[in-house]
file model-v8.pdb (PDB, C-alpha atoms and all ligand atoms)
ATOM      1  CA  MET A 230     110.124  16.494  56.763  1.00  0.00           C
ATOM      2  CA  ALA A 231     108.066  14.512  54.290  1.00  0.00           C
ATOM      3  CA  LEU A 232     108.631  10.913  53.384  1.00  0.00           C
ATOM      4  CA  ASP A 233     108.250   9.689  49.836  1.00  0.00           C
ATOM      5  CA  ALA A 234     106.040   6.753  48.883  1.00  0.00           C
ATOM      6  CA  ASN A 235     108.873   4.253  49.052  1.00  0.00           C
ATOM      7  CA  LYS A 236     109.814   5.322  52.555  1.00  0.00           C
ATOM      8  CA  LEU A 237     106.210   5.285  53.668  1.00  0.00           C
ATOM      9  CA  ALA A 238     105.817   1.732  52.360  1.00  0.00           C
ATOM     10  CA  ASP A 239     109.017   0.822  54.147  1.00  0.00           C
ATOM     11  CA  VAL A 240     107.964   2.338  57.447  1.00  0.00           C
ATOM     12  CA  TYR A 241     104.562   0.694  57.138  1.00  0.00           C
ATOM     13  CA  ARG A 242     106.288  -2.688  56.924  1.00  0.00           C
ATOM     14  CA  ARG A 243     108.277  -1.803  60.033  1.00  0.00           C
ATOM     15  CA  VAL A 244     105.174  -0.705  61.893  1.00  0.00           C
ATOM     16  CA  THR A 245     103.427  -3.925  60.892  1.00  0.00           C
ATOM     17  CA  SER A 246     106.225  -5.978  62.415  1.00  0.00           C
ATOM     18  CA  TRP A 247     106.266  -3.678  65.438  1.00  0.00           C
ATOM     19  CA  ARG A 248     102.577  -4.478  66.006  1.00  0.00           C
ATOM     20  CA  ALA A 249     103.430  -8.179  65.940  1.00  0.00           C
ATOM     21  CA  ASN A 250     106.269  -7.574  68.387  1.00  0.00           C
ATOM     22  CA  PRO A 251     105.780  -4.278  70.264  1.00  0.00           C
ATOM     23  CA  GLU A 252     108.949  -4.724  72.294  1.00  0.00           C
ATOM     24  CA  ALA A 253     111.112  -4.529  69.197  1.00  0.00           C
ATOM     25  CA  SER A 254     112.473  -1.108  68.368  1.00  0.00           C
ATOM     26  CA  VAL A 255     111.517   0.442  65.047  1.00  0.00           C
ATOM     27  CA  GLN A 256     114.157   1.946  62.807  1.00  0.00           C
ATOM     28  CA  CYS A 257     113.644   5.536  61.709  1.00  0.00           C
ATOM     29  CA  PRO A 258     112.903   5.761  57.969  1.00  0.00           C
ATOM     30  CA  ALA A 259     114.692   9.101  57.731  1.00  0.00           C
ATOM     31  CA  CYS A 260     117.927   8.700  59.663  1.00  0.00           C
ATOM     32  CA  GLY A 261     118.036   4.944  60.282  1.00  0.00           C
ATOM     33  CA  ALA A 262     118.357   5.200  64.058  1.00  0.00           C
ATOM     34  CA  ALA A 263     116.599   2.610  66.161  1.00  0.00           C
ATOM     35  CA  GLY A 264     114.085   3.810  68.703  1.00  0.00           C
ATOM     36  CA  LEU A 265     111.404   5.422  66.543  1.00  0.00           C
ATOM     37  CA  THR A 266     108.390   6.245  68.686  1.00  0.00           C
ATOM     38  CA  VAL A 267     105.193   4.786  67.242  1.00  0.00           C
ATOM     39  CA  ILE A 268     101.803   5.677  68.676  1.00  0.00           C
ATOM     40  CA  ASP A 269      98.869   3.676  67.367  1.00  0.00           C
ATOM     41  CA  ARG A 270      95.857   5.967  66.927  1.00  0.00           C
ATOM     42  CA  SER A 271      94.018   3.662  64.583  1.00  0.00           C
ATOM     43  CA  ALA A 272      90.261   3.808  64.176  1.00  0.00           C
ATOM     44  CA  ARG A 273      89.695   0.243  63.120  1.00  0.00           C
ATOM     45  CA  PRO A 274      88.050  -1.050  61.004  1.00  0.00           C
ATOM     46  CA  TYR A 275      88.056   2.244  59.101  1.00  0.00           C
ATOM     47  CA  ALA A 276      91.636   3.324  59.086  1.00  0.00           C
ATOM     48  CA  GLU A 277      95.013   2.824  60.635  1.00  0.00           C
ATOM     49  CA  TRP A 278      96.789   5.890  61.987  1.00  0.00           C
ATOM     50  CA  TYR A 279     100.227   5.919  63.453  1.00  0.00           C
ATOM     51  CA  ALA A 280     102.039   8.897  64.862  1.00  0.00           C
ATOM     52  CA  LEU A 281     105.748   8.467  64.264  1.00  0.00           C
ATOM     53  CA  SER A 282     108.462  10.514  65.880  1.00  0.00           C
ATOM     54  CA  CYS A 283     112.200  10.099  66.005  1.00  0.00           C
ATOM     55  CA  PRO A 284     114.195  11.455  68.955  1.00  0.00           C
ATOM     56  CA  SER A 285     117.394  11.313  66.887  1.00  0.00           C
ATOM     57  CA  CYS A 286     116.511  13.428  63.836  1.00  0.00           C
ATOM     58  CA  GLY A 287     113.235  15.059  64.861  1.00  0.00           C
ATOM     59  CA  LEU A 288     111.089  13.210  62.324  1.00  0.00           C
ATOM     60  CA  ASP A 289     107.413  13.849  63.007  1.00  0.00           C
ATOM     61  CA  GLU A 290     105.091  12.021  60.637  1.00  0.00           C
ATOM     62  CA  THR A 291     101.644  10.529  60.591  1.00  0.00           C
ATOM     63  CA  LEU A 292     101.072   7.293  58.742  1.00  0.00           C
ATOM     64  CA  HIS A 293      97.489   6.880  57.529  1.00  0.00           C
ATOM     65  CA  ILE A 294      96.219   3.731  55.859  1.00  0.00           C
ATOM     66  CA  PRO A 295      92.526   3.562  54.901  1.00  0.00           C
ATOM     67  CA  LEU A 296      91.019   0.148  55.568  1.00  0.00           C
ATOM     68  CA  GLY A 297      88.065  -1.755  54.235  1.00  0.00           C
ATOM     69  CA  PRO A 298      85.844  -1.352  51.172  1.00  0.00           C
ATOM     70  CA  SER A 299      85.145   2.322  51.864  1.00  0.00           C
ATOM     71  CA  ALA A 300      88.795   3.071  51.148  1.00  0.00           C
ATOM     72  CA  GLN A 301      88.063   2.646  47.458  1.00  0.00           C
ATOM     73  CA  ILE A 302      85.285   5.232  47.388  1.00  0.00           C
ATOM     74  CA  ALA A 303      86.626   8.569  46.242  1.00  0.00           C
ATOM     75  CA  ASP A 304      83.734  10.796  47.206  1.00  0.00           C
TER      76      ASP A 304
HETATM   77 ZN    ZN B 401     115.321   9.724  62.612  1.00  0.00          ZN
END
call {"tool": "encode", "arguments": {"input": "model-v8.pdb", "output": "structure tokens"}}
result
Amino acid sequence: MALDANKLADVYRRVTSWRANPEASVQCPACGAAGLTVIDRSARPYAEWYALSCPSCGLDETLHIPLGPSAQIAD
């Protein structure tokens, strides 16, 4: 299952608030159920990586956000 850009932006906001408060549950961007599993695999300061999985609907996504000035370099 792929998420569109709007849903990715939405889930990124949720993950950002989850990082501020890791005990809060994250809502699944696909089915809306609470309890999304978020695993932070980020390689800071280069990139943020989150593995997202939902036990309710089977969502399995990776969220990748390039960080820093190198993110603007295409080659
Ligand atoms: Zn779900």
call {"tool": "residues_near_ligand", "arguments": {"input": "model-v8.pdb", "ligand": "ligand ZN 401 (chain B)", "cutoff": "7 Å", "atoms": "all atoms listed in the file", "output": "PyMOL selection string"}}
result
chain A and resi 257-262+283-288
call {"tool": "resolve_selection", "arguments": {"input": "model-v8.pdb", "expression": "the PyMOL selection byres (((chain A and resi 251) around 12) and not hetatm)", "output": "PyMOL selection string"}}
result
chain A and resi 243-250+252-255+264-269
call {"tool": "write_last_selection", "arguments": {"input": "model-v8.pdb", "atoms": "C-alpha atoms", "output": "tab-separated table (two decimals), in the frame of the given file"}}
result
chain	number	residue	atom	x	y	z
A	243	ARG	CA	108.28	-1.80	60.03
A	244	VAL	CA	105.17	-0.70	61.89
A	245	THR	CA	103.43	-3.92	60.89
A	246	SER	CA	106.22	-5.98	62.42
A	247	TRP	CA	106.27	-3.68	65.44
A	248	ARG	CA	102.58	-4.48	66.01
A	249	ALA	CA	103.43	-8.18	65.94
A	250	ASN	CA	106.27	-7.57	68.39
A	252	GLU	CA	108.95	-4.72	72.29
A	253	ALA	CA	111.11	-4.53	69.20
A	254	SER	CA	112.47	-1.11	68.37
A	255	VAL	CA	111.52	0.44	65.05
A	264	GLY	CA	114.08	3.81	68.70
A	265	LEU	CA	111.40	5.42	66.54
A	266	THR	CA	108.39	6.24	68.69
A	267	VAL	CA	105.19	4.79	67.24
A	268	ILE	CA	101.80	5.68	68.68
A	269	ASP	CA	98.87	3.68	67.37
call {"tool": "resolve_selection", "arguments": {"input": "model-v8.pdb", "expression": "the PyMOL selection byres (((chain A and resi 271-277) around 7) and not hetatm)", "output": "count of residues only"}}
result
9
call {"tool": "atom_distance", "arguments": {"input": "model-v8.pdb", "atom1": "CA of Ala263 in chain A", "atom2": "CA of Ala238 in chain A"}}
result
17.5 Å
call {"tool": "residues_near_point", "arguments": {"input": "model-v8.pdb", "point": "(109.8, 14.9, 52.1)", "cutoff": "12 Å", "atoms": "all atoms listed in the file", "output": "list in words"}}
result
Met230, Ala231, Leu232, Asp233, Ala234, Asn235, Lys236, Leu237, Pro258, Ala259, Leu288, Asp289 and Glu290 of chain A
call {"tool": "axis_aligned_box", "arguments": {"input": "model-v8.pdb", "around": "range 283-290 of chain A", "padding_each_side": "6 Å", "output": "JSON"}}
result
{"center_x": 111.2, "center_y": 12.6, "center_z": 64.8, "size_x": 24.3, "size_y": 17.0, "size_z": 20.3}
